[in-house]
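Novice: Just one file: coords_2.cif, with mmCIF, C-alpha atoms.
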data_input
#
loop_
_atom_site.label_atom_id
_atom_site.label_comp_id
_atom_site.auth_asym_id
_atom_site.auth_seq_id
_atom_site.Cartn_x
_atom_site.Cartn_y
_atom_site.Cartn_z
CA MET A 1 -27.21 -17.20 147.69
CA PRO A 2 -24.74 -16.57 150.56
CA THR A 3 -26.17 -16.27 154.06
CA GLN A 4 -25.99 -12.89 155.78
CA LYS A 5 -23.37 -12.60 158.52
CA SER A 6 -24.82 -12.19 162.03
CA ILE A 7 -23.54 -12.16 165.62
CA PRO A 8 -25.64 -12.50 168.80
CA ILE A 9 -26.21 -9.01 170.24
CA SER A 10 -25.29 -10.11 173.77
CA GLU A 11 -21.98 -11.54 172.54
CA LEU A 12 -21.21 -8.40 170.54
CA ILE A 13 -21.84 -6.11 173.52
CA THR A 14 -19.66 -8.29 175.77
CA THR A 15 -16.82 -8.02 173.24
CA ALA A 16 -17.37 -4.25 173.01
CA ASN A 17 -17.04 -3.84 176.77
CA SER A 18 -13.79 -5.85 176.71
CA GLU A 19 -12.43 -3.66 173.92
CA LEU A 20 -13.21 -0.49 175.87
CA LEU A 21 -11.21 -1.83 178.80
CA ARG A 22 -8.35 -2.90 176.53
CA LEU A 23 -8.17 0.57 175.01
CA ASP A 24 -8.09 2.08 178.51
CA PHE A 25 -11.10 4.40 178.10
CA LYS A 26 -11.84 6.76 180.98
CA ARG A 27 -14.50 5.80 183.51
CA SER A 28 -16.80 8.59 182.33
CA ALA A 29 -16.61 7.30 178.75
CA LEU A 30 -17.21 3.73 179.91
CA GLN A 31 -20.38 4.83 181.70
CA ILE A 32 -21.71 6.56 178.57
CA TYR A 33 -21.00 3.55 176.36
CA CYS A 34 -22.52 1.10 178.86
CA ALA A 35 -25.69 3.21 179.10
CA GLU A 36 -26.00 3.23 175.29
CA PHE A 37 -25.42 -0.51 175.11
CA ARG A 38 -28.16 -1.11 177.71
CA LYS A 39 -30.65 0.99 175.74
CA PHE A 40 -29.66 -0.81 172.54
CA SER A 41 -30.03 -4.25 174.15
CA ASP A 42 -33.39 -3.40 175.78
CA TYR A 43 -34.76 -2.07 172.48
CA TYR A 44 -34.01 -5.28 170.58
CA SER A 45 -35.13 -7.46 173.48
CA ASN A 46 -38.55 -5.83 173.20
CA GLU A 47 -38.41 -6.33 169.43
CA LYS A 48 -37.47 -9.99 170.05
CA ILE A 49 -34.40 -9.69 167.82
CA GLN A 50 -31.30 -11.49 169.06
CA ASP A 51 -28.75 -11.15 166.23
CA TYR A 52 -26.76 -8.17 164.98
CA THR A 53 -26.34 -7.75 161.21
CA ALA A 54 -24.69 -5.18 158.96
CA THR A 55 -27.81 -2.98 158.96
CA THR A 56 -28.88 -3.31 162.60
CA GLY A 57 -27.06 -0.22 163.90
CA ARG A 58 -28.38 2.07 161.15
CA GLU A 59 -31.92 0.78 161.59
CA TYR A 60 -31.74 1.36 165.35
CA PHE A 61 -30.58 4.98 164.92
CA GLN A 62 -33.28 5.61 162.31
CA SER A 63 -35.95 4.16 164.59
CA ILE A 64 -34.88 6.11 167.70
CA TYR A 65 -34.13 9.52 166.17
CA GLY A 66 -35.87 9.39 162.78
CA VAL A 67 -32.72 10.40 160.83
CA ASN A 68 -30.17 8.56 158.70
CA ILE A 69 -26.94 8.01 160.61
CA ALA A 70 -24.94 8.07 157.36
CA SER A 71 -26.07 11.56 156.33
CA PRO A 72 -22.92 13.73 155.80
CA ARG A 73 -24.71 16.99 156.75
CA LEU A 74 -26.29 15.62 159.90
CA GLN A 75 -26.12 18.01 162.88
CA LEU A 76 -26.20 15.78 165.97
CA THR A 77 -27.25 16.56 169.50
CA LYS A 78 -25.14 15.39 172.44
CA SER A 79 -27.29 12.28 172.99
CA GLN A 80 -27.32 11.48 169.26
CA SER A 81 -23.52 11.74 169.14
CA ALA A 82 -23.21 9.31 172.06
CA THR A 83 -25.54 6.85 170.33
CA ARG A 84 -23.64 7.12 167.04
CA ARG A 85 -20.30 6.47 168.78
CA ALA A 86 -21.73 3.36 170.41
CA ILE A 87 -23.14 2.07 167.11
CA ARG A 88 -19.87 2.81 165.33
CA LEU A 89 -18.03 0.75 167.94
CA LEU A 90 -20.44 -2.17 167.52
CA ASP A 91 -20.17 -1.94 163.72
CA ASP A 92 -16.36 -2.01 163.87
CA ILE A 93 -16.30 -5.09 166.08
CA PHE A 94 -18.92 -6.76 163.88
CA GLN A 95 -16.97 -6.02 160.69
CA PHE A 96 -13.32 -6.19 161.80
CA GLY A 97 -13.34 -8.11 165.07
CA TYR A 98 -11.93 -5.32 167.20
CA ALA A 99 -12.51 -1.64 168.03
CA LEU A 100 -10.91 1.08 165.92
CA ARG A 101 -9.70 4.42 167.26
CA TYR A 102 -11.21 7.71 166.13
CA CYS A 103 -9.40 10.14 168.41
CA HIS A 104 -5.77 11.24 168.80
CA ARG A 105 -5.04 9.42 172.04
CA SER A 106 -1.59 8.00 172.65
CA TYR A 107 -1.12 4.37 171.71
CA THR A 108 0.27 1.87 174.18
CA VAL A 109 2.88 -0.22 172.36
CA ASN A 110 3.43 -3.80 173.43
CA PRO A 111 6.89 -4.07 175.07
CA GLU A 112 8.00 -6.68 172.52
CA TYR A 113 7.48 -4.13 169.73
CA ASP A 114 8.86 -1.14 171.62
CA ILE A 115 12.55 -1.88 170.96
CA LEU A 116 11.78 -2.89 167.37
CA LEU A 117 10.02 0.41 166.75
CA GLU A 118 12.81 2.43 168.34
CA ASN A 119 15.45 0.69 166.20
CA TYR A 120 13.44 1.40 163.07
CA LEU A 121 13.02 5.08 163.97
CA MET A 122 16.75 5.31 164.71
CA LYS A 123 17.44 4.04 161.19
CA CYS A 124 15.03 6.68 159.84
CA ARG A 125 16.86 9.41 161.77
CA LYS A 126 20.13 8.34 160.14
CA LYS A 127 18.39 8.84 156.80
CA HIS A 128 17.67 12.43 157.93
CA ASN A 129 13.90 12.03 158.23
CA SER A 130 12.34 15.17 159.72
CA GLN A 131 10.70 15.17 163.16
CA GLY A 132 7.27 15.42 161.52
CA THR A 133 7.98 12.36 159.39
CA LEU A 134 9.22 10.42 162.42
CA ARG A 135 6.05 11.28 164.37
CA THR A 136 3.88 10.15 161.46
CA LYS A 137 5.77 6.86 161.12
CA GLN A 138 5.55 6.20 164.84
CA MET A 139 1.81 6.90 164.94
CA LYS A 140 1.04 4.73 161.88
CA LEU A 141 3.08 1.80 163.17
CA CYS A 142 1.54 2.03 166.65
CA GLN A 143 -1.84 1.90 164.93
CA PHE A 144 -0.69 -1.26 163.10
CA PHE A 145 0.62 -2.84 166.31
CA GLU A 146 -2.70 -2.17 168.00
CA TYR A 147 -4.49 -3.91 165.13
CA MET A 148 -2.23 -6.94 165.61
CA GLU A 149 -2.91 -6.98 169.35
CA GLY A 150 -6.66 -6.71 168.77
CA ARG A 151 -6.54 -9.66 166.37
CA ASN A 152 -4.01 -11.64 168.48
CA ILE A 153 -1.54 -11.74 165.57
CA GLN A 154 2.14 -12.34 166.23
CA LEU A 155 4.59 -10.39 164.10
CA ALA A 156 6.50 -13.57 163.21
CA CYS A 157 3.27 -15.10 161.86
CA LEU A 158 2.24 -12.05 159.81
CA THR A 159 0.71 -12.88 156.42
CA SER A 160 -0.35 -10.98 153.30
CA ALA A 161 -3.98 -11.51 154.31
CA ASP A 162 -3.32 -9.78 157.65
CA LEU A 163 -1.85 -6.76 155.84
CA SER A 164 -4.84 -6.60 153.51
CA ASN A 165 -7.26 -6.86 156.43
CA PHE A 166 -5.45 -4.06 158.28
CA MET A 167 -5.80 -1.73 155.31
CA THR A 168 -9.48 -2.68 155.13
CA THR A 169 -9.97 -1.37 158.67
CA LEU A 170 -9.00 2.09 157.34
CA CYS A 171 -11.92 2.13 154.92
CA ARG A 172 -13.32 5.33 156.46
CA CYS A 173 -10.06 7.21 155.89
CA ARG A 174 -9.38 9.37 152.88
CA ARG A 175 -7.13 8.15 150.08
CA PRO A 176 -4.12 10.34 151.03
CA THR A 177 -4.26 8.87 154.56
CA LEU A 178 -4.39 5.34 153.14
CA TYR A 179 -1.45 6.15 150.88
CA THR A 180 0.66 7.46 153.79
CA THR A 181 -0.18 4.47 156.00
CA ALA A 182 0.68 2.01 153.24
CA SER A 183 3.98 3.79 152.52
CA VAL A 184 5.04 3.66 156.17
CA LEU A 185 4.07 0.00 156.50
CA LYS A 186 5.95 -0.91 153.31
CA ASP A 187 9.09 0.83 154.54
CA PHE A 188 8.87 -0.89 157.94
CA LEU A 189 8.42 -4.36 156.42
CA ARG A 190 11.33 -3.68 154.05
CA TYR A 191 13.43 -2.76 157.09
CA LEU A 192 12.50 -6.03 158.82
CA TYR A 193 13.57 -8.00 155.75
CA GLU A 194 16.83 -6.11 155.22
CA SER A 195 17.75 -6.48 158.90
CA GLU A 196 17.08 -10.27 158.55
CA GLN A 197 14.25 -10.26 161.07
CA PHE A 198 11.92 -11.52 158.34
CA THR A 199 12.81 -14.27 155.90
CA LYS A 200 10.40 -12.89 153.30
CA ASP A 201 9.88 -9.34 152.08
CA LEU A 202 6.18 -8.61 152.67
CA SER A 203 6.41 -4.97 151.62
CA ALA A 204 5.08 -5.75 148.14
CA ASP A 205 1.96 -7.32 149.66
CA VAL A 206 0.70 -4.10 151.27
CA PRO A 207 -2.22 -2.72 149.23
CA LYS A 208 -1.37 0.85 148.26
CA PRO A 209 -3.93 3.13 146.61
CA LYS A 210 -2.90 5.28 143.70
CA ILE A 211 -2.66 8.94 144.59
CA TYR A 212 -3.12 11.84 142.21
CA THR A 213 -1.30 15.17 142.37
CA ASP A 214 -4.56 17.14 142.34
CA GLU A 215 -6.23 15.07 145.04
CA ASP A 216 -7.15 16.54 148.42
CA ILE A 217 -6.05 20.06 147.48
CA PRO A 218 -7.30 22.65 150.00
CA GLU A 219 -9.46 25.42 148.64
CA THR A 220 -7.92 28.87 148.49
CA TRP A 221 -9.20 32.13 149.93
CA THR A 222 -10.27 35.35 148.22
CA PRO A 223 -8.94 38.71 149.53
CA THR A 224 -12.38 39.49 150.93
CA GLU A 225 -12.46 36.20 152.84
CA VAL A 226 -8.96 36.80 154.22
CA LYS A 227 -10.06 40.23 155.42
CA GLN A 228 -13.18 38.73 157.03
CA LEU A 229 -11.07 36.10 158.77
CA LEU A 230 -8.65 38.64 160.25
CA SER A 231 -11.50 40.95 161.25
CA ALA A 232 -13.03 38.10 163.27
CA VAL A 233 -9.91 37.88 165.48
CA ASP A 234 -10.47 39.74 168.76
CA ARG A 235 -7.15 41.53 169.27
CA SER A 236 -8.22 43.01 172.60
CA ASN A 237 -7.26 39.77 174.40
CA PRO A 238 -3.92 37.90 174.58
CA ILE A 239 -5.02 34.83 172.61
CA GLY A 240 -6.42 37.02 169.83
CA LYS A 241 -3.14 38.94 169.59
CA ARG A 242 -1.23 35.66 169.34
CA ASP A 243 -3.54 34.10 166.74
CA TYR A 244 -3.55 37.27 164.63
CA ALA A 245 0.26 37.29 164.41
CA MET A 246 0.36 33.58 163.57
CA PHE A 247 -2.23 33.98 160.80
CA LEU A 248 -0.23 36.84 159.25
CA LEU A 249 2.83 34.59 159.03
CA ALA A 250 0.77 32.02 157.11
CA ILE A 251 -1.08 34.54 154.92
CA LEU A 252 1.78 36.85 153.93
CA LEU A 253 4.82 34.54 154.16
CA GLY A 254 3.27 31.11 153.58
CA MET A 255 4.89 29.54 156.64
CA ARG A 256 3.76 26.07 157.67
CA ALA A 257 1.88 25.55 160.92
CA GLY A 258 4.72 23.55 162.47
CA ASP A 259 7.28 26.25 161.68
CA ILE A 260 5.00 28.97 163.09
CA CYS A 261 4.52 27.05 166.35
CA ASN A 262 8.25 26.36 166.60
CA LEU A 263 9.36 29.93 165.77
CA ARG A 264 11.94 31.10 168.32
CA PHE A 265 13.27 34.51 169.33
CA LYS A 266 16.66 33.73 167.76
CA ASN A 267 14.91 33.35 164.39
CA LEU A 268 13.87 37.03 164.41
CA ASP A 269 16.50 39.48 163.18
CA TRP A 270 14.99 42.90 163.94
CA ASN A 271 17.98 44.82 162.56
CA GLN A 272 17.98 43.10 159.17
CA LYS A 273 14.18 42.65 159.33
CA LEU A 274 14.45 38.94 158.50
CA ILE A 275 12.91 35.72 159.78
CA THR A 276 15.49 32.96 159.39
CA TYR A 277 14.53 29.44 160.43
CA THR A 278 15.04 25.77 159.57
CA GLN A 279 11.94 24.13 158.16
CA GLN A 280 10.76 21.16 160.18
CA LYS A 281 9.54 19.27 157.13
CA SER A 282 12.53 19.54 154.79
CA GLY A 283 15.37 20.74 157.03
CA LYS A 284 16.00 23.58 154.56
CA VAL A 285 16.96 27.00 155.92
CA SER A 286 14.55 29.75 154.86
CA ALA A 287 15.00 33.52 155.14
CA LEU A 288 11.82 35.58 154.80
CA PRO A 289 11.21 39.32 155.20
CA LEU A 290 9.95 40.49 158.56
CA LEU A 291 7.24 42.72 157.12
CA PRO A 292 6.26 45.79 159.17
CA VAL A 293 2.70 44.57 159.69
CA ILE A 294 3.99 41.20 160.95
CA GLY A 295 6.56 42.89 163.18
CA GLU A 296 3.90 45.14 164.72
CA ALA A 297 1.61 42.18 165.39
CA ILE A 298 4.42 40.18 167.06
CA ILE A 299 5.47 43.15 169.19
CA ASP A 300 1.86 43.76 170.24
CA TYR A 301 1.60 40.14 171.35
CA LEU A 302 4.95 40.11 173.16
CA ARG A 303 4.29 43.37 175.05
CA ASN A 304 0.58 43.09 175.71
CA GLY A 305 -0.40 39.45 175.40
CA ARG A 306 2.32 36.86 175.98
CA LEU A 307 2.44 35.29 179.43
CA ASP A 308 5.66 35.11 181.45
CA SER A 309 7.42 31.92 180.44
CA ASN A 310 10.97 30.62 180.15
CA CYS A 311 10.04 29.02 176.84
CA ASP A 312 12.11 30.31 173.90
CA ASN A 313 9.19 29.99 171.48
CA VAL A 314 7.67 33.27 170.29
CA PHE A 315 4.12 31.84 170.47
CA ILE A 316 3.12 29.79 173.50
CA ARG A 317 0.10 28.06 174.96
CA HIS A 318 -2.05 30.17 177.27
CA LEU A 319 -3.13 27.17 179.32
CA HIS A 320 -1.09 25.60 182.10
CA PRO A 321 1.62 24.38 181.69
CA TYR A 322 2.63 27.48 179.74
CA GLY A 323 5.11 26.70 176.99
CA GLY A 324 5.40 25.66 173.37
CA PHE A 325 2.50 24.09 171.51
CA GLN A 326 2.30 20.34 171.84
CA SER A 327 1.08 20.01 168.26
CA SER A 328 0.95 22.22 165.19
CA ALA A 329 -2.72 21.25 164.88
CA ALA A 330 -3.41 24.01 167.45
CA VAL A 331 -3.06 26.64 164.71
CA SER A 332 -5.56 24.86 162.46
CA SER A 333 -7.95 24.47 165.39
CA ALA A 334 -7.78 28.23 165.96
CA LEU A 335 -8.42 28.79 162.24
CA LYS A 336 -11.59 26.68 162.34
CA LYS A 337 -12.84 28.74 165.28
CA TYR A 338 -12.33 32.06 163.51
CA ILE A 339 -13.86 30.74 160.27
CA THR A 340 -17.04 30.17 162.27
CA TYR A 341 -16.79 33.60 163.92
CA ALA A 342 -16.38 35.24 160.51
CA GLY A 343 -19.48 33.51 159.15
CA LEU A 344 -17.45 31.69 156.47
CA THR A 345 -17.85 28.09 155.36
CA ARG A 346 -15.03 25.68 156.10
CA LYS A 347 -15.31 23.67 152.87
CA ASN A 348 -11.91 22.05 152.24
CA ARG A 349 -9.78 24.75 153.84
CA LYS A 350 -10.03 24.02 157.54
CA ALA A 351 -6.25 23.52 157.82
CA ILE A 352 -3.79 26.40 158.03
CA HIS A 353 -2.08 24.96 154.93
CA SER A 354 -4.90 26.44 152.82
CA LEU A 355 -3.50 29.92 153.57
CA ARG A 356 -0.07 28.81 152.35
CA ARG A 357 -1.62 27.57 149.12
CA THR A 358 -3.54 30.81 148.79
CA LEU A 359 -0.27 32.77 148.84
CA ALA A 360 1.26 30.48 146.21
CA SER A 361 -1.79 30.67 143.95
CA THR A 362 -1.99 34.45 144.29
CA LEU A 363 1.68 34.90 143.40
CA LEU A 364 1.23 32.65 140.37
CA MET A 365 -1.73 34.70 139.18
CA ASP A 366 0.31 37.87 139.67
CA GLY A 367 2.93 36.49 137.27
CA THR A 368 5.62 35.69 139.84
CA PRO A 369 8.16 33.17 138.45
CA LEU A 370 7.73 29.63 139.73
CA LEU A 371 11.32 29.48 140.99
CA THR A 372 10.73 32.59 143.12
CA ILE A 373 7.56 31.10 144.63
CA SER A 374 9.44 27.86 145.29
CA ASN A 375 12.10 29.79 147.23
CA ILE A 376 9.48 31.72 149.22
CA LEU A 377 7.69 28.51 150.22
CA GLY A 378 10.96 26.71 150.91
CA HIS A 379 10.38 23.89 148.45
CA SER A 380 13.39 21.78 147.52
CA SER A 381 12.34 21.81 143.87
CA PRO A 382 10.06 23.94 141.65
CA LYS A 383 8.38 20.68 140.63
CA THR A 384 6.78 20.57 144.09
CA THR A 385 5.46 24.09 143.58
CA THR A 386 3.75 23.18 140.28
CA GLY A 387 1.21 21.17 142.26
CA TYR A 388 0.03 24.43 143.78
CA THR A 389 -1.17 25.65 140.39
CA ASN A 390 -4.12 23.30 140.86
CA SER A 391 -5.26 25.52 143.74
CA MET A 392 -5.87 28.44 141.40
CA PRO A 393 -9.53 29.26 140.92
CA LYS A 394 -10.73 28.11 137.51
CA THR A 395 -12.68 31.33 137.01
CA CYS A 396 -11.15 34.46 138.47
CA PRO A 397 -12.31 38.00 137.98
CA THR A 398 -9.84 40.40 136.40
CA LYS A 399 -9.29 42.26 139.64
CA TRP A 400 -7.71 39.10 141.06
CA HIS A 401 -4.70 39.79 138.84
CA GLY A 402 -1.93 42.26 139.33
CA LYS A 403 -0.64 43.14 142.83
CA HIS A 404 -3.13 41.13 144.71
CA CYS A 405 -0.92 40.27 147.69
CA LYS A 406 0.04 43.90 148.00
CA ALA A 407 -3.65 44.84 148.22
CA ILE A 408 -4.21 42.33 151.02
CA CYS A 409 -1.13 43.55 152.86
CA LEU A 410 -2.23 47.18 152.58
CA GLN A 411 -5.68 46.36 153.93
CA ILE A 412 -4.11 44.59 156.90
CA CYS A 413 -1.65 47.45 157.46
CA ARG A 414 -4.41 50.05 157.56
CA LYS A 415 -6.36 48.06 160.13
CA SER A 416 -3.18 47.37 162.09
CA ARG A 417 -2.41 51.08 162.39
CA ARG A 418 -5.91 51.77 163.68
CA ASN A 419 -5.70 49.12 166.42
CA VAL A 420 -2.06 49.12 167.40
CA CYS A 421 0.01 52.19 168.12
CA ARG A 422 3.00 52.56 165.83
CA ARG A 423 6.17 51.14 167.27
CA THR A 424 9.73 50.91 166.06
CA PHE A 425 11.34 47.51 166.07
CA PRO A 426 13.59 46.73 169.03
#
Can the structure from this file be put into structure tokens for me?
Specialist:
Amino acid sequence: MPTQKSIPISELITTANSELLRLDFKRSALQIYCAEFRKFSDYYSNEKIQDYTATTGREYFQSIYGVNIASPRLQLTKSQSATRRAIRLLDDIFQFGYALRYCHRSYTVNPEYDILLENYLMKCRKKHNSQGTLRTKQMKLCQFFEYMEGRNIQLACLTSADLSNFMTTLCRCRRPTLYTTASVLKDFLRYLYESEQFTKDLSADVPKPKIYTDEDIPETWTPTEVKQLLSAVDRSNPIGKRDYAMFLLAILLGMRAGDICNLRFKNLDWNQKLITYTQQKSGKVSALPLLPVIGEAIIDYLRNGRLDSNCDNVFIRHLHPYGGFQSSAAVSSALKKYITYAGLTRKNRKAIHSLRRTLASTLLMDGTPLLTISNILGHSSPKTTTGYTNSMPKTCPTKWHGKHCKAICLQICRKSRRNVCRRTFP
């Protein structure tokens, strides 16, 4: 019977402190981690236990707080969250040999990889990769470079085992995330081989999980839930006016979060009542109707909510420095907030993309041709749109059918006229 892996607790904590310094954590975070490590060390010193095993962290949390750290529905206090972060760090070092990241902080790329990464991204730009794709590739490769630095692995000495071990460190990620990471890594290794920087093509050695078309599909919204969501937005303040207008663009036109954040004044044609823009994801030009209710919401924000800024974006941040959103995730963050305000459950629809899928599913149920829906959503092919049929509720009441989107739009229009004085477009 194989012996159980164990590491001296004092050695593990020393390594953890070194990792925190390597990852350039703030002083306040370092103090919190060090305090948790001291409590952890003192507890096991009193218990006369010197070694850390695979179950030590969970047992410690259970003993201190009387709850299972692995419970998915666990509501943690501030002190419990700090303890769990410390245990997670120790578990990662115990299992993988270095600390993993769980927050969206910028990675520091080793100078020897900086030029290599830039050359690869330049090649991707020539292949007309979108800005979103380039950001994803950069983030995934920086994550890989950090793994190599943590394990002291040189790129020239990279092996198939190293690639497999890297993918193992992503065990807590969902399958679509694993699939994306593996795809980026394969493409990068193929580039290294084709540019003769590697003598062997290691791209085939990257473990890549199989992905299914119906996997990780956001749940859709009912008309009642959409109405509850919009009712929860406080349109008496500037941020509420902004968020309300952005939500309408997603609900009624199916625009992506990145395109909403990047919407500029030149994209709005008030005379023709059109919104014409280039999609960030596909580079395809889309022309959508500037519906009256959307126009009124945008005007209300511009006249009564938007701060003075030289930024050409229609929607801007209301925190200094005032300007365009740094990330499209800001829209999804706002959505999560209003879901809570509305008393709704997040389920699997915490991202703004769930509203886009709701529009597609609703149009499908109303009998709209697939090609028409594909054009509305800006898909390059109707085949992409067929995946959205999986978002349709398996059991829908009859009243879901027949002019459903129109009903939602009318409800919104009625409320809009009560709260915003009627205005003509400029």
Novice: Could you name the residues that touch Thr15 of chain A at 10 Å or less, counting only C-alpha atoms, but leaving out those on the same chain fewer than 5 positions away, as a list in words?
Specialist: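 These residues fall inside the cut-off: Ile9, Ser10, Leu20, Leu90, Ile93, Phe94, Gly97, Tyr98 and Ala99 of chain A.
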Novice: Written as a PyMOL selection string, what is the full residue list that the PyMOL selection byres ((chain A and resi 30-35) around 12) yields on the file shown?
Specialist: chain A and resi 13-14+16-29+36-42+78-90
Novice: Provide the atom CA of Asp300 of chain A to atom CA of Lys241 of chain A distance in Å, to one decimal place.
Specialist: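 Between atom CA of Asp300 of chain A and atom CA of Lys241 of chain A the gap works out to 7.0 Å.
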Novice: Rounded to one decimal, what separation in Å do you get between atom CA of Arg317 of chain A and atom CA of His128 of chain A?
Specialist: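 It comes out at 29.0 Å.
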Novice: On this file, the PyMOL selection byres ((chain A and resi 64) around 10) gives some set of residues; write that set as a PyMOL selection string.
Specialist: chain A and resi 40+43+59-63+65-67+80+83
Novice: State, in Å with one decimal place, the distance from atom CA of Asn237 of chain A to atom CA of Ala250 of chain A.
Specialist: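 Computing it gives 20.6 Å between the two atoms.
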Novice: Where does the PyMOL selection byres ((chain A and resi 249) around 12) land in this file, that is, which residues does it pick, as a ChimeraX atom specification?
Specialist: /A:242-248,250-261,263,275,288-295,297-298,315,331,352-353,355-356,359,377,409
Novice: Let me make sure I understand: among A:Gly343, A:Ser195, A:Lys140, A:Ala287, which one has the smallest atom-to-atom distance to Gln272 of chain A if we use only C-alpha atoms?
Specialist: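 Looking at the shortest contact to Gln272 of chain A, the residue is A:Ala287.
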Novice: Pull the neighbourhood of (17.8, 21.3, 146.7) for me: all residues within 12 Å in file coordinates, counting all atoms listed in the file, as an NGL selection string.
Specialist: :A and (282-285 or 371 or 374-375 or 378-384)
Novice: Can you work out which one of A:Met122, A:Ser361, A:Leu116, A:Thr340 has the shortest atom-to-atom distance to Val233 of chain A, counting all atoms listed in the file?
Specialist: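 Of the candidates, the smallest distance to Val233 of chain A is held by A:Thr340.
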Novice: Could you name the residues that touch Arg264 of chain A at 9 Å or less, counting all atoms listed in the file, but leaving out those on the same chain fewer than 2 positions away, as an MDAnalysis selection string?
Specialist: chainID A and resid 260:262 266:268 277 311:315
Novice: Write a file of the just-selected residues containing C-alpha atoms, as an mmCIF file, in the frame of the given file.
Specialist:
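Written output follows (result-v7.cif):
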data_model
loop_
_atom_site.group_PDB
_atom_site.id
_atom_site.type_symbol
_atom_site.label_atom_id
_atom_site.label_comp_id
_atom_site.auth_asym_id
_atom_site.auth_seq_id
_atom_site.Cartn_x
_atom_site.Cartn_y
_atom_site.Cartn_z
ATOM 1 C CA ILE A 260 5.000 28.970 163.090
ATOM 2 C CA CYS A 261 4.520 27.050 166.350
ATOM 3 C CA ASN A 262 8.250 26.360 166.600
ATOM 4 C CA LYS A 266 16.660 33.730 167.760
ATOM 5 C CA ASN A 267 14.910 33.350 164.390
ATOM 6 C CA LEU A 268 13.870 37.030 164.410
ATOM 7 C CA TYR A 277 14.530 29.440 160.430
ATOM 8 C CA CYS A 311 10.040 29.020 176.840
ATOM 9 C CA ASP A 312 12.110 30.310 173.900
ATOM 10 C CA ASN A 313 9.190 29.990 171.480
ATOM 11 C CA VAL A 314 7.670 33.270 170.290
ATOM 12 C CA PHE A 315 4.120 31.840 170.470
#
